[in-house]
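**Student:** I am sharing model.cif, which consists of mmCIF, C-alpha atoms:
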```cif
data_query
#
loop_
_atom_site.label_atom_id
_atom_site.label_comp_id
_atom_site.auth_asym_id
_atom_site.auth_seq_id
_atom_site.Cartn_x
_atom_site.Cartn_y
_atom_site.Cartn_z
CA MET A 16 -30.96 33.96 1.72
CA PRO A 17 -27.46 35.44 1.43
CA ILE A 18 -24.69 33.97 3.58
CA LYS A 19 -26.14 33.50 7.03
CA ASN A 20 -25.20 36.15 9.61
CA ARG A 21 -24.54 33.43 12.17
CA PHE A 22 -21.55 32.26 10.13
CA ALA A 23 -19.97 35.69 10.42
CA GLU A 24 -20.12 35.20 14.18
CA LEU A 25 -18.90 31.60 13.98
CA LEU A 26 -16.15 32.31 11.44
CA PRO A 27 -13.24 32.75 13.90
CA GLU A 28 -14.22 29.48 15.61
CA ILE A 29 -14.52 27.61 12.31
CA ILE A 30 -11.18 29.00 11.12
CA GLY A 31 -9.68 27.77 14.39
CA TRP A 32 -10.93 24.23 13.72
CA ARG A 33 -9.71 24.41 10.12
CA ARG A 34 -6.21 25.53 11.01
CA ASP A 35 -5.96 22.93 13.77
CA PHE A 36 -6.83 20.19 11.26
CA HIS A 37 -4.30 21.73 8.88
CA ARG A 38 -1.53 21.56 11.49
CA HIS A 39 -2.28 17.90 12.17
CA PRO A 40 -3.00 16.18 8.82
CA GLU A 41 -3.67 12.45 8.70
CA LEU A 42 -3.79 10.08 5.72
CA GLY A 43 -6.30 7.61 4.32
CA TYR A 44 -8.17 5.65 6.94
CA ASP A 45 -5.60 6.41 9.65
CA LEU A 46 -7.41 9.42 11.15
CA PRO A 47 -7.44 8.89 14.94
CA ARG A 48 -7.00 12.52 15.90
CA THR A 49 -9.21 13.98 13.16
CA SER A 50 -12.09 11.55 13.64
CA ALA A 51 -11.98 11.94 17.43
CA ARG A 52 -12.02 15.73 17.20
CA VAL A 53 -14.94 15.69 14.76
CA ALA A 54 -16.94 13.35 17.00
CA GLN A 55 -16.11 15.46 20.06
CA LEU A 56 -17.37 18.63 18.40
CA LEU A 57 -20.55 16.99 17.09
CA ARG A 58 -21.41 15.83 20.60
CA ALA A 59 -20.68 19.30 21.98
CA PHE A 60 -23.02 20.84 19.42
CA GLY A 61 -25.86 18.60 20.62
CA CYS A 62 -26.25 16.15 17.74
CA ASP A 63 -28.96 13.62 18.58
CA GLU A 64 -26.66 10.76 17.63
CA VAL A 65 -22.95 10.52 16.85
CA VAL A 66 -21.60 7.27 15.41
CA GLU A 67 -17.90 6.59 14.93
CA GLY A 68 -16.15 3.88 12.94
CA ILE A 69 -18.42 3.85 9.87
CA GLY A 70 -16.19 2.77 7.01
CA ARG A 71 -13.37 2.13 9.49
CA SER A 72 -12.80 5.74 10.58
CA GLY A 73 -15.76 7.75 9.32
CA VAL A 74 -17.99 9.77 11.65
CA VAL A 75 -21.72 10.39 11.26
CA GLY A 76 -23.88 12.89 13.15
CA VAL A 77 -27.69 12.89 13.20
CA ILE A 78 -29.67 16.09 13.76
CA GLU A 79 -33.46 15.95 14.17
CA GLY A 80 -35.53 18.86 12.90
CA GLN A 81 -38.22 20.65 14.90
CA GLU A 82 -40.92 18.97 12.88
CA VAL A 83 -41.12 15.60 11.17
CA ALA A 84 -41.83 15.47 7.44
CA THR A 85 -42.70 11.84 6.91
CA LYS A 86 -42.05 9.71 3.88
CA GLY A 87 -44.74 7.19 4.68
CA ALA A 88 -44.04 4.14 6.80
CA LYS A 89 -40.29 4.60 6.37
CA GLY A 90 -40.09 7.54 8.78
CA PRO A 91 -38.82 11.12 8.31
CA ARG A 92 -37.16 12.42 5.18
CA VAL A 93 -33.38 12.46 5.50
CA ILE A 94 -30.79 14.65 3.78
CA GLY A 95 -27.11 13.67 3.93
CA LEU A 96 -24.25 16.18 3.77
CA ARG A 97 -20.72 14.87 3.25
CA ALA A 98 -17.18 16.18 3.85
CA ASP A 99 -13.86 14.37 3.41
CA MET A 100 -11.23 14.42 6.19
CA ASP A 101 -7.97 12.95 4.84
CA ALA A 102 -4.80 14.74 3.73
CA LEU A 103 -2.08 13.94 1.16
CA PRO A 104 1.51 12.60 1.39
CA ILE A 105 3.07 15.95 0.42
CA VAL A 106 5.77 18.03 2.10
CA GLU A 107 4.16 21.41 2.73
CA GLN A 108 5.93 24.51 1.38
CA THR A 109 3.57 27.32 2.39
CA GLY A 110 5.54 28.77 5.31
CA LEU A 111 2.26 29.50 7.10
CA GLU A 112 2.02 29.82 10.87
CA HIS A 113 -0.45 26.94 10.85
CA ALA A 114 1.54 24.78 8.42
CA SER A 115 1.63 21.02 8.85
CA GLN A 116 3.48 19.72 11.87
CA SER A 117 3.50 16.18 10.45
CA LYS A 118 6.42 15.75 8.08
CA GLY A 119 5.42 14.51 4.65
CA LYS A 120 1.69 15.06 5.24
CA MET A 121 -0.34 18.05 4.13
CA HIS A 122 -3.91 19.19 3.60
CA ALA A 123 -3.18 20.09 -0.01
CA CYS A 124 -6.71 19.50 -1.30
CA GLY A 125 -8.73 21.53 1.20
CA HIS A 126 -10.32 18.68 3.10
CA ASP A 127 -9.55 20.61 6.28
CA GLY A 128 -11.82 23.33 4.90
CA HIS A 129 -14.53 20.90 3.82
CA THR A 130 -14.59 19.27 7.26
CA SER A 131 -14.68 22.59 9.07
CA MET A 132 -17.48 24.00 6.90
CA LEU A 133 -19.60 20.93 7.58
CA LEU A 134 -18.86 21.20 11.29
CA GLY A 135 -20.01 24.82 11.15
CA ALA A 136 -23.17 23.74 9.33
CA ALA A 137 -23.78 21.03 11.93
CA LYS A 138 -23.45 23.52 14.78
CA TYR A 139 -25.90 25.88 13.09
CA LEU A 140 -28.42 23.11 12.39
CA CYS A 141 -28.23 21.93 16.00
CA GLU A 142 -28.94 25.48 17.18
CA THR A 143 -31.83 26.26 14.84
CA ARG A 144 -33.39 22.94 13.79
CA ALA A 145 -35.51 24.96 11.37
CA PHE A 146 -36.35 22.03 9.13
CA ALA A 147 -38.80 19.16 9.01
CA GLY A 148 -37.07 15.81 8.92
CA ARG A 149 -33.52 14.71 9.69
CA ALA A 150 -30.06 15.94 8.67
CA VAL A 151 -27.16 13.48 8.59
CA VAL A 152 -23.66 14.95 8.49
CA ILE A 153 -21.10 12.53 7.04
CA PHE A 154 -17.37 12.87 7.69
CA GLN A 155 -15.57 10.49 5.35
CA PRO A 156 -12.05 9.02 5.44
CA ALA A 157 -9.78 8.08 2.54
CA GLU A 158 -11.08 10.12 -0.36
CA GLU A 159 -7.54 10.42 -1.73
CA GLY A 160 -7.41 7.06 -3.49
CA GLY A 161 -8.74 4.89 -0.67
CA ALA A 162 -12.43 4.82 -1.70
CA GLY A 163 -13.61 5.84 1.76
CA ALA A 164 -17.07 6.66 0.40
CA ARG A 165 -17.46 3.10 -0.84
CA ALA A 166 -16.27 1.76 2.52
CA MET A 167 -18.90 3.80 4.36
CA ILE A 168 -21.61 2.65 1.96
CA GLU A 169 -20.54 -0.99 2.34
CA ASP A 170 -20.76 -0.42 6.10
CA GLY A 171 -24.46 0.40 5.72
CA LEU A 172 -24.30 4.21 5.66
CA MET A 173 -27.31 4.80 3.43
CA GLU A 174 -29.58 2.15 4.92
CA ARG A 175 -28.61 2.62 8.57
CA PHE A 176 -29.36 6.35 8.45
CA ALA A 177 -32.19 6.05 5.87
CA ILE A 178 -30.66 8.74 3.65
CA ASP A 179 -32.87 9.95 0.79
CA GLU A 180 -30.57 12.47 -0.90
CA VAL A 181 -26.89 13.32 -0.44
CA TYR A 182 -24.92 16.51 -1.18
CA GLY A 183 -21.30 17.57 -1.06
CA LEU A 184 -18.89 20.24 -2.30
CA HIS A 185 -15.25 20.77 -3.22
CA ASN A 186 -13.21 23.96 -3.22
CA MET A 187 -11.93 25.08 -6.60
CA PRO A 188 -8.76 27.18 -7.07
CA GLY A 189 -9.04 29.74 -9.85
CA MET A 190 -12.76 30.24 -9.24
CA GLU A 191 -13.63 33.45 -7.36
CA ALA A 192 -13.70 32.80 -3.63
CA GLY A 193 -17.21 32.07 -2.44
CA HIS A 194 -18.68 31.64 -5.92
CA LEU A 195 -20.61 28.43 -6.47
CA GLY A 196 -20.93 26.19 -9.51
CA VAL A 197 -22.84 23.02 -10.37
CA ARG A 198 -24.03 21.17 -13.45
CA PRO A 199 -26.58 18.42 -14.10
CA GLY A 200 -25.22 15.05 -15.18
CA ALA A 201 -21.53 14.18 -15.34
CA MET A 202 -19.48 16.54 -13.18
CA MET A 203 -16.16 14.70 -12.74
CA ALA A 204 -14.55 11.81 -14.60
CA SER A 205 -13.93 8.20 -13.76
CA ALA A 206 -10.32 7.31 -12.96
CA ASP A 207 -8.85 3.96 -14.03
CA PHE A 208 -5.22 2.84 -14.12
CA PHE A 209 -3.31 0.38 -16.28
CA THR A 210 0.05 -1.31 -16.65
CA ILE A 211 1.18 -2.93 -19.90
CA ARG A 212 4.08 -5.36 -19.95
CA VAL A 213 5.53 -5.36 -23.47
CA ILE A 214 7.56 -8.53 -24.05
CA GLY A 215 10.07 -8.89 -26.87
CA LYS A 216 13.51 -10.51 -27.29
CA GLY A 217 16.55 -8.54 -26.23
CA GLY A 218 20.09 -8.43 -27.53
CA HIS A 219 22.92 -6.17 -28.67
CA ALA A 220 21.83 -2.73 -29.85
CA ALA A 221 24.23 -3.04 -32.79
CA LYS A 222 22.29 -6.05 -34.12
CA PRO A 223 18.61 -4.97 -34.16
CA GLN A 224 17.87 -7.58 -36.81
CA GLU A 225 18.38 -10.27 -34.19
CA VAL A 226 15.98 -8.85 -31.60
CA THR A 227 12.30 -8.10 -31.12
CA ASP A 228 12.64 -4.62 -29.70
CA PRO A 229 10.07 -3.91 -26.93
CA VAL A 230 11.04 -0.22 -26.94
CA VAL A 231 9.96 0.15 -30.58
CA ILE A 232 6.77 -1.78 -29.85
CA SER A 233 6.10 0.50 -26.87
CA ALA A 234 6.63 3.62 -28.95
CA GLN A 235 4.12 2.41 -31.53
CA LEU A 236 1.72 1.40 -28.79
CA ILE A 237 1.83 4.78 -27.03
CA LEU A 238 0.86 6.50 -30.29
CA ALA A 239 -1.79 3.91 -31.15
CA LEU A 240 -3.53 4.29 -27.79
CA GLN A 241 -4.20 7.94 -28.60
CA SER A 242 -6.55 6.81 -31.38
CA ILE A 243 -9.09 5.80 -28.69
CA ALA A 244 -9.78 9.46 -27.96
CA SER A 245 -9.14 10.86 -31.42
CA ARG A 246 -10.86 8.27 -33.62
CA GLU A 247 -13.15 6.01 -31.59
CA VAL A 248 -15.07 8.32 -29.23
CA ASP A 249 -17.46 11.17 -29.97
CA PRO A 250 -15.48 14.42 -29.52
CA PHE A 251 -18.32 15.68 -27.30
CA ASP A 252 -17.88 12.71 -24.96
CA PRO A 253 -14.52 13.41 -23.28
CA VAL A 254 -11.98 10.67 -22.64
CA VAL A 255 -8.28 10.89 -21.78
CA VAL A 256 -5.79 8.02 -22.22
CA SER A 257 -2.41 8.96 -20.80
CA VAL A 258 0.72 6.82 -20.71
CA THR A 259 2.64 8.34 -17.81
CA THR A 260 5.47 5.88 -17.10
CA LEU A 261 7.84 3.90 -19.33
CA ASN A 262 10.56 1.68 -17.93
CA SER A 263 12.88 -0.47 -20.02
CA GLN A 264 14.47 -3.59 -18.57
CA SER A 265 17.77 -2.37 -20.04
CA GLU A 266 19.96 0.08 -18.15
CA ALA A 267 22.73 0.19 -20.76
CA ASP A 268 22.91 2.30 -23.92
CA ASN A 269 24.08 -0.64 -26.03
CA VAL A 270 21.61 -3.24 -24.73
CA ILE A 271 18.05 -3.88 -25.91
CA GLY A 272 16.17 -5.47 -23.05
CA ASN A 273 13.52 -8.17 -23.17
CA GLU A 274 10.71 -6.08 -21.66
CA VAL A 275 9.28 -2.61 -21.21
CA MET A 276 6.68 -1.65 -18.61
CA LEU A 277 4.16 1.08 -19.44
CA GLY A 278 1.76 2.64 -16.97
CA GLY A 279 -0.95 5.25 -17.14
CA THR A 280 -4.50 6.35 -16.54
CA VAL A 281 -7.83 6.48 -18.37
CA ARG A 282 -10.41 9.18 -17.59
CA ALA A 283 -13.94 9.23 -19.02
CA MET A 284 -17.13 11.23 -18.51
CA SER A 285 -19.57 8.39 -19.21
CA ALA A 286 -19.84 4.76 -18.19
CA GLU A 287 -20.18 3.66 -21.82
CA THR A 288 -17.00 5.42 -22.92
CA ARG A 289 -15.20 4.07 -19.88
CA ASP A 290 -16.12 0.53 -20.94
CA LEU A 291 -15.08 1.18 -24.54
CA ALA A 292 -11.71 2.63 -23.50
CA GLU A 293 -10.92 -0.35 -21.29
CA ARG A 294 -11.81 -2.84 -24.03
CA ARG A 295 -9.93 -1.03 -26.78
CA LEU A 296 -6.83 -0.46 -24.64
CA GLY A 297 -6.52 -4.21 -24.29
CA GLU A 298 -7.24 -4.95 -27.95
CA ILE A 299 -4.82 -2.32 -29.26
CA SER A 300 -2.06 -3.41 -26.88
CA HIS A 301 -2.26 -7.04 -27.96
CA GLY A 302 -2.66 -6.09 -31.62
CA VAL A 303 0.33 -3.76 -31.81
CA ALA A 304 2.58 -6.14 -29.87
CA THR A 305 1.63 -9.06 -32.11
CA THR A 306 2.17 -6.98 -35.27
CA TYR A 307 5.80 -6.38 -34.25
CA GLY A 308 6.42 -9.95 -33.12
CA GLY A 309 6.06 -9.40 -29.38
CA GLN A 310 3.48 -9.86 -26.66
CA ALA A 311 1.52 -7.57 -24.32
CA GLN A 312 0.19 -8.38 -20.89
CA VAL A 313 -2.38 -5.83 -19.72
CA GLU A 314 -3.51 -5.14 -16.18
CA TYR A 315 -6.45 -2.73 -15.88
CA LEU A 316 -7.59 -1.44 -12.48
CA ARG A 317 -10.90 0.37 -12.16
CA GLY A 318 -10.86 3.33 -9.78
CA TYR A 319 -13.57 5.86 -8.96
CA PRO A 320 -16.62 5.94 -11.26
CA VAL A 321 -18.00 9.02 -13.01
CA THR A 322 -19.46 11.61 -10.61
CA VAL A 323 -22.98 12.12 -11.96
CA ASN A 324 -25.31 14.73 -10.48
CA ASP A 325 -29.01 13.90 -10.47
CA VAL A 326 -30.69 16.47 -12.74
CA GLU A 327 -33.38 17.52 -10.26
CA CYS A 328 -30.97 17.55 -7.30
CA ALA A 329 -28.51 19.68 -9.30
CA GLU A 330 -31.29 22.20 -9.86
CA HIS A 331 -32.10 22.21 -6.13
CA ALA A 332 -28.39 22.76 -5.41
CA ALA A 333 -28.22 25.62 -7.93
CA ARG A 334 -31.32 27.27 -6.53
CA VAL A 335 -29.90 27.23 -2.99
CA ALA A 336 -26.49 28.42 -4.28
CA GLU A 337 -28.24 31.31 -6.02
CA ARG A 338 -29.70 32.41 -2.70
CA VAL A 339 -26.29 32.24 -1.04
CA ASN A 340 -24.45 34.00 -3.86
CA GLY A 341 -26.40 35.14 -6.91
CA ALA A 342 -23.38 34.53 -9.17
CA VAL A 343 -23.96 30.74 -9.26
CA ASP A 344 -22.78 28.98 -12.43
CA ARG A 345 -25.41 26.40 -13.40
CA ASP A 346 -23.21 24.94 -16.14
CA VAL A 347 -19.78 24.90 -14.53
CA ALA A 348 -17.12 23.19 -16.62
CA PRO A 349 -16.72 19.48 -15.79
CA MET A 350 -13.35 18.13 -14.65
CA MET A 351 -11.36 15.10 -15.75
CA GLY A 352 -10.23 14.65 -12.16
CA ALA A 353 -12.08 12.03 -10.11
CA GLU A 354 -13.94 12.09 -6.80
CA ASP A 355 -15.19 9.19 -4.69
CA PHE A 356 -18.38 11.06 -3.83
CA SER A 357 -19.35 9.34 -7.08
CA TYR A 358 -20.07 6.19 -5.05
CA MET A 359 -22.56 8.09 -2.90
CA LEU A 360 -24.27 9.48 -6.00
CA GLU A 361 -24.56 5.94 -7.36
CA ALA A 362 -26.24 4.90 -4.11
CA ARG A 363 -28.60 7.89 -3.73
CA PRO A 364 -29.71 10.89 -5.81
CA GLY A 365 -27.89 14.07 -5.00
CA ALA A 366 -25.42 16.64 -6.31
CA TYR A 367 -21.84 17.81 -5.97
CA LEU A 368 -20.91 21.48 -6.16
CA PHE A 369 -17.73 23.53 -6.65
CA LEU A 370 -16.92 26.38 -4.26
CA GLY A 371 -14.48 29.04 -5.43
CA ASN A 372 -11.16 29.13 -3.56
CA GLY A 373 -9.86 32.28 -5.23
CA ASP A 374 -6.35 32.79 -6.57
CA SER A 375 -4.64 29.92 -4.75
CA ALA A 376 -2.08 27.35 -5.77
CA PRO A 377 -3.63 24.32 -7.50
CA LEU A 378 -5.04 21.35 -5.65
CA HIS A 379 -2.41 18.78 -4.61
CA HIS A 380 0.33 21.43 -4.72
CA ALA A 381 2.86 21.91 -1.90
CA GLN A 382 1.93 25.62 -1.70
CA TYR A 383 -1.85 25.17 -1.75
CA GLU A 384 -3.91 26.84 0.99
CA PHE A 385 -7.66 26.75 1.59
CA HIS A 386 -9.07 30.29 1.63
CA ASP A 387 -10.97 30.89 4.86
CA GLU A 388 -13.06 33.65 3.25
CA ALA A 389 -14.96 30.92 1.37
CA ILE A 390 -16.17 29.28 4.61
CA PRO A 391 -19.39 31.31 5.14
CA TYR A 392 -20.50 30.59 1.57
CA GLY A 393 -19.90 26.84 1.75
CA ALA A 394 -21.43 26.50 5.21
CA SER A 395 -24.47 28.57 4.18
CA TRP A 396 -24.99 26.35 1.14
CA LEU A 397 -24.78 23.16 3.21
CA VAL A 398 -27.33 24.48 5.70
CA GLY A 399 -29.46 25.79 2.85
CA MET A 400 -29.68 22.33 1.26
CA VAL A 401 -31.18 20.91 4.46
CA GLU A 402 -33.59 23.82 4.96
CA ASP A 403 -34.63 23.75 1.29
CA ARG A 404 -35.07 19.99 0.90
CA LEU A 405 -36.64 19.60 4.35
CA ALA A 406 -38.71 22.79 4.36
CA ALA A 407 -41.31 22.77 7.15
CA PRO A 408 -44.88 22.77 5.80
CA SER A 409 -46.40 26.27 5.82
#
```
Here is the file; what I need is its structure written in the form of structure tokens.
**Tutor:**
Amino acid sequence: MPIKNRFAELLPEIIGWRRDFHRHPELGYDLPRTSARVAQLLRAFGCDEVVEGIGRSGVVGVIEGQEVATKGAKGPRVIGLRADMDALPIVEQTGLEHASQSKGKMHACGHDGHTSMLLGAAKYLCETRAFAGRAVVIFQPAEEGGAGARAMIEDGLMERFAIDEVYGLHNMPGMEAGHLGVRPGAMMASADFFTIRVIGKGGHAAKPQEVTDPVVISAQLILALQSIASREVDPFDPVVVSVTTLNSQSEADNVIGNEVMLGGTVRAMSAETRDLAERRLGEISHGVATTYGGQAQVEYLRGYPVTVNDVECAEHAARVAERVNGAVDRDVAPMMGAEDFSYMLEARPGAYLFLGNGDSAPLHHAQYEFHDEAIPYGASWLVGMVEDRLAAPS
């Protein structure tokens, strides 16, 4: 099964959808135009059911196969396919004819491409229905920091549509356009965020003996936090602790302020290391501050969990990818970036795959552009997952 010929025919139409979404980006959960257009198209394709407002602004389409493959008393087997719809608060600098018409908003992560590929897959599945069971296409809001996947799950996504397995993909700049990559186990990192308020006693910079300098404490603390990765975690279990902001209360060269605020992020590829990093960040912060006569107040906010592919589902995904494009990478390098598809993989077995976007600007860059030549490969893989996992009995 190479890329499906039907997608060559549908490609101009899918590109048209993609570029329309690109011209009209929307953020977070505030997706009135995008969600409405997705729902409109799903109904036009002939989806058996289209439900709006799941997870505030998510859209779900249900497509019944020609035959029913039962899973006992629970009904037909169900495969979920997910795409994200939201854009980013970035001023676009591509100069393209279809560039964003919404100032300060841009599809700089390719969600316009993800949505359009899944729409193409939905149209194909509605036409052919060459599977036994039920396909559920999931269009999710607020992937960019808003945890839209979690909102849809909390709104009953998995139970309401009886989903058994769930699959998704993300375009990847620097990977040859149309090439596919997956790996079993951890695929993308967790993403947590922290602020540390370092409290000392300020005074005149000419009399350091009379102060408890929070800047010096902060400098020692920034270095000490790096020991979490370098001395407390197995080198084969990646973790990143990054202090990214430092703000002193003082705005004068000759004044030592009372406080310094530090901020940053922690990324980990396992739940155990994530727990360890959170605990040690707090202990080290308090310990270093106390050593130098100050105090530390730590706020730690957990973000997206680790994206973990089910081993068997990752193999299914690789097998289908191989049929689409024989150059599939079954051990693609993991990323320390985070993805809220992780919530769906905590709720149901499944897998997440990377789709090459060619030589483009990086994700989240003002000059990024989704490469339309990747569309037939991604859409073929999405359809292939349904036809493979819901193969009609011979």
**Student:** Which of these residues is nearest to Leu96 (chain A), using only C-alpha atoms: A:Ile211, A:Val401, A:Ala333, A:Ala353?
**Tutor:**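 Using only C-alpha atoms, the shortest distance to Leu96 (chain A) belongs to A:Val401.
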**Student:** Please determine, counting only C-alpha atoms, which residue among A:Met202, A:Ala59, A:Leu240, A:Leu42 has the shortest atom-to-atom distance to His185 (chain A).
**Tutor:** A:Met202
**Student:** Rounded to one decimal in Å, what is the spacing between CA of Glu361 (chain A) and CA of Asp101 (chain A)?
**Tutor:**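 A separation of 21.8 Å between them.
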**Student:** Quick one: which residues end up in the PyMOL selection byres ((chain A and resi 248-263) around 6) for this structure, as a list in words?
**Tutor:** Ala244, Glu247, Gln264, Ser265, Val275, Met276, Leu277, Gly278, Gly279, Thr280, Val281, Arg282, Ala283 and Met284 of chain A
**Student:** Between A:Gly399, A:Val231, A:Arg212, A:Ala164, which has the minimum distance to Gly297 (chain A) (counting all atoms listed in the file)?
**Tutor:** A:Arg212
**Student:** Determine the nearest neighbour of His194 (chain A) from the options A:Asp290, A:Glu64, A:Glu388, A:Asp179, counting only C-alpha atoms.
**Tutor:** A:Glu388
**Student:** Between CA of Glu169 (chain A) and CA of Asp325 (chain A), what is the distance in Å, rounded to a tenth?
**Tutor:**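 Calculated distance between CA of Glu169 (chain A) and CA of Asp325 (chain A) is 21.4 Å.
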**Student:** Identify all residues satisfying the PyMOL selection byres ((chain A and resi 301-317) around 10) in the given file; provide them as a PDB file with C-alpha atoms, in the coordinates of the input.
**Tutor:**
```
ATOM      1  CA  SER A 205     -13.930   8.200 -13.760  1.00  0.00           C
ATOM      2  CA  ALA A 206     -10.320   7.310 -12.960  1.00  0.00           C
ATOM      3  CA  ASP A 207      -8.850   3.960 -14.030  1.00  0.00           C
ATOM      4  CA  PHE A 208      -5.220   2.840 -14.120  1.00  0.00           C
ATOM      5  CA  PHE A 209      -3.310   0.380 -16.280  1.00  0.00           C
ATOM      6  CA  THR A 210       0.050  -1.310 -16.650  1.00  0.00           C
ATOM      7  CA  ILE A 211       1.180  -2.930 -19.900  1.00  0.00           C
ATOM      8  CA  ARG A 212       4.080  -5.360 -19.950  1.00  0.00           C
ATOM      9  CA  VAL A 213       5.530  -5.360 -23.470  1.00  0.00           C
ATOM     10  CA  ILE A 214       7.560  -8.530 -24.050  1.00  0.00           C
ATOM     11  CA  GLY A 215      10.070  -8.890 -26.870  1.00  0.00           C
ATOM     12  CA  LYS A 216      13.510 -10.510 -27.290  1.00  0.00           C
ATOM     13  CA  VAL A 226      15.980  -8.850 -31.600  1.00  0.00           C
ATOM     14  CA  THR A 227      12.300  -8.100 -31.120  1.00  0.00           C
ATOM     15  CA  ASP A 228      12.640  -4.620 -29.700  1.00  0.00           C
ATOM     16  CA  PRO A 229      10.070  -3.910 -26.930  1.00  0.00           C
ATOM     17  CA  VAL A 231       9.960   0.150 -30.580  1.00  0.00           C
ATOM     18  CA  ILE A 232       6.770  -1.780 -29.850  1.00  0.00           C
ATOM     19  CA  SER A 233       6.100   0.500 -26.870  1.00  0.00           C
ATOM     20  CA  GLN A 235       4.120   2.410 -31.530  1.00  0.00           C
ATOM     21  CA  LEU A 236       1.720   1.400 -28.790  1.00  0.00           C
ATOM     22  CA  ILE A 237       1.830   4.780 -27.030  1.00  0.00           C
ATOM     23  CA  ALA A 239      -1.790   3.910 -31.150  1.00  0.00           C
ATOM     24  CA  LEU A 240      -3.530   4.290 -27.790  1.00  0.00           C
ATOM     25  CA  ASN A 273      13.520  -8.170 -23.170  1.00  0.00           C
ATOM     26  CA  GLU A 274      10.710  -6.080 -21.660  1.00  0.00           C
ATOM     27  CA  VAL A 275       9.280  -2.610 -21.210  1.00  0.00           C
ATOM     28  CA  MET A 276       6.680  -1.650 -18.610  1.00  0.00           C
ATOM     29  CA  LEU A 277       4.160   1.080 -19.440  1.00  0.00           C
ATOM     30  CA  GLY A 278       1.760   2.640 -16.970  1.00  0.00           C
ATOM     31  CA  GLY A 279      -0.950   5.250 -17.140  1.00  0.00           C
ATOM     32  CA  THR A 280      -4.500   6.350 -16.540  1.00  0.00           C
ATOM     33  CA  VAL A 281      -7.830   6.480 -18.370  1.00  0.00           C
ATOM     34  CA  ARG A 289     -15.200   4.070 -19.880  1.00  0.00           C
ATOM     35  CA  GLU A 293     -10.920  -0.350 -21.290  1.00  0.00           C
ATOM     36  CA  ARG A 294     -11.810  -2.840 -24.030  1.00  0.00           C
ATOM     37  CA  ARG A 295      -9.930  -1.030 -26.780  1.00  0.00           C
ATOM     38  CA  LEU A 296      -6.830  -0.460 -24.640  1.00  0.00           C
ATOM     39  CA  GLY A 297      -6.520  -4.210 -24.290  1.00  0.00           C
ATOM     40  CA  GLU A 298      -7.240  -4.950 -27.950  1.00  0.00           C
ATOM     41  CA  ILE A 299      -4.820  -2.320 -29.260  1.00  0.00           C
ATOM     42  CA  SER A 300      -2.060  -3.410 -26.880  1.00  0.00           C
ATOM     43  CA  GLY A 318     -10.860   3.330  -9.780  1.00  0.00           C
ATOM     44  CA  TYR A 319     -13.570   5.860  -8.960  1.00  0.00           C
ATOM     45  CA  PRO A 320     -16.620   5.940 -11.260  1.00  0.00           C
TER      46      PRO A 320
END
```
**Student:** Evaluate the PyMOL selection byres ((chain A and resi 40) around 7) here and jot the selected residues down as a list of chain:residue names.
**Tutor:** A:Phe36, A:His37, A:Arg38, A:His39, A:Glu41, A:Leu42, A:Ala102, A:Ser115, A:Ser117, A:Lys120, A:Met121, A:His122
**Student:** Near Ser395 (chain A), within 12 Å and counting only C-alpha atoms, which residues show up once chain neighbours fewer than 6 positions away are dropped, as number ranges by chain?
**Tutor:** A: 16-23, 25-26, 132-140, 184, 193, 195, 332, 335-340, 370, 389, 401-403
**Student:** Show me, as a list in words, the residues that have an atom within 8 Å of Leu378 (chain A) when counting only C-alpha atoms, minus same-chain residues fewer than 5 positions from it.
**Tutor:**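 The filter keeps Ala123, Cys124, Gly125, Met187, Pro188 and Tyr383 of chain A.
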**Student:** In Å, how far is it from CA of His380 (chain A) to CA of Ser357 (chain A)?
**Tutor:**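 A separation of 23.2 Å between them.
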**Student:** Which of these residues is nearest to Gln81 (chain A), using only C-alpha atoms: A:Glu112, A:Glu142, A:Asp45, A:Glu24?
**Tutor:**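 Of A:Glu112, A:Glu142, A:Asp45, A:Glu24, the one nearest Gln81 (chain A), counting only C-alpha atoms, is A:Glu142.
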**Student:** Need to verify the contact set: Glu159 (chain A), 9 Å, all atoms listed in the file, exclusion of same-chain residues closer than 3 positions in sequence. Can you return it as a list in words?
**Tutor:** Leu42, Gly43, Asp101, Ala102, Leu103, Pro156, Ala162, Gly163, Glu354 and Asp355 of chain A
**Student:** Can you work out which one of A:Met100, A:Ala348, A:Ala166, A:Ala342 has the shortest atom-to-atom distance to Met203 (chain A), counting all atoms listed in the file?
**Tutor:**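 Between A:Met100, A:Ala348, A:Ala166, A:Ala342, the residue approaching Met203 (chain A) most closely is A:Ala348.
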**Student:** Quick one: what's the axis-aligned box for region 327-336 of chain A, all listed atoms, 6 Å on every side, centre and edges in Å to one decimal, as AutoDock Vina command-line options?
**Tutor:**
```
--center_x -29.9 --center_y 23.0 --center_z -6.6 --size_x 18.9 --size_y 22.9 --size_z 19.3
```
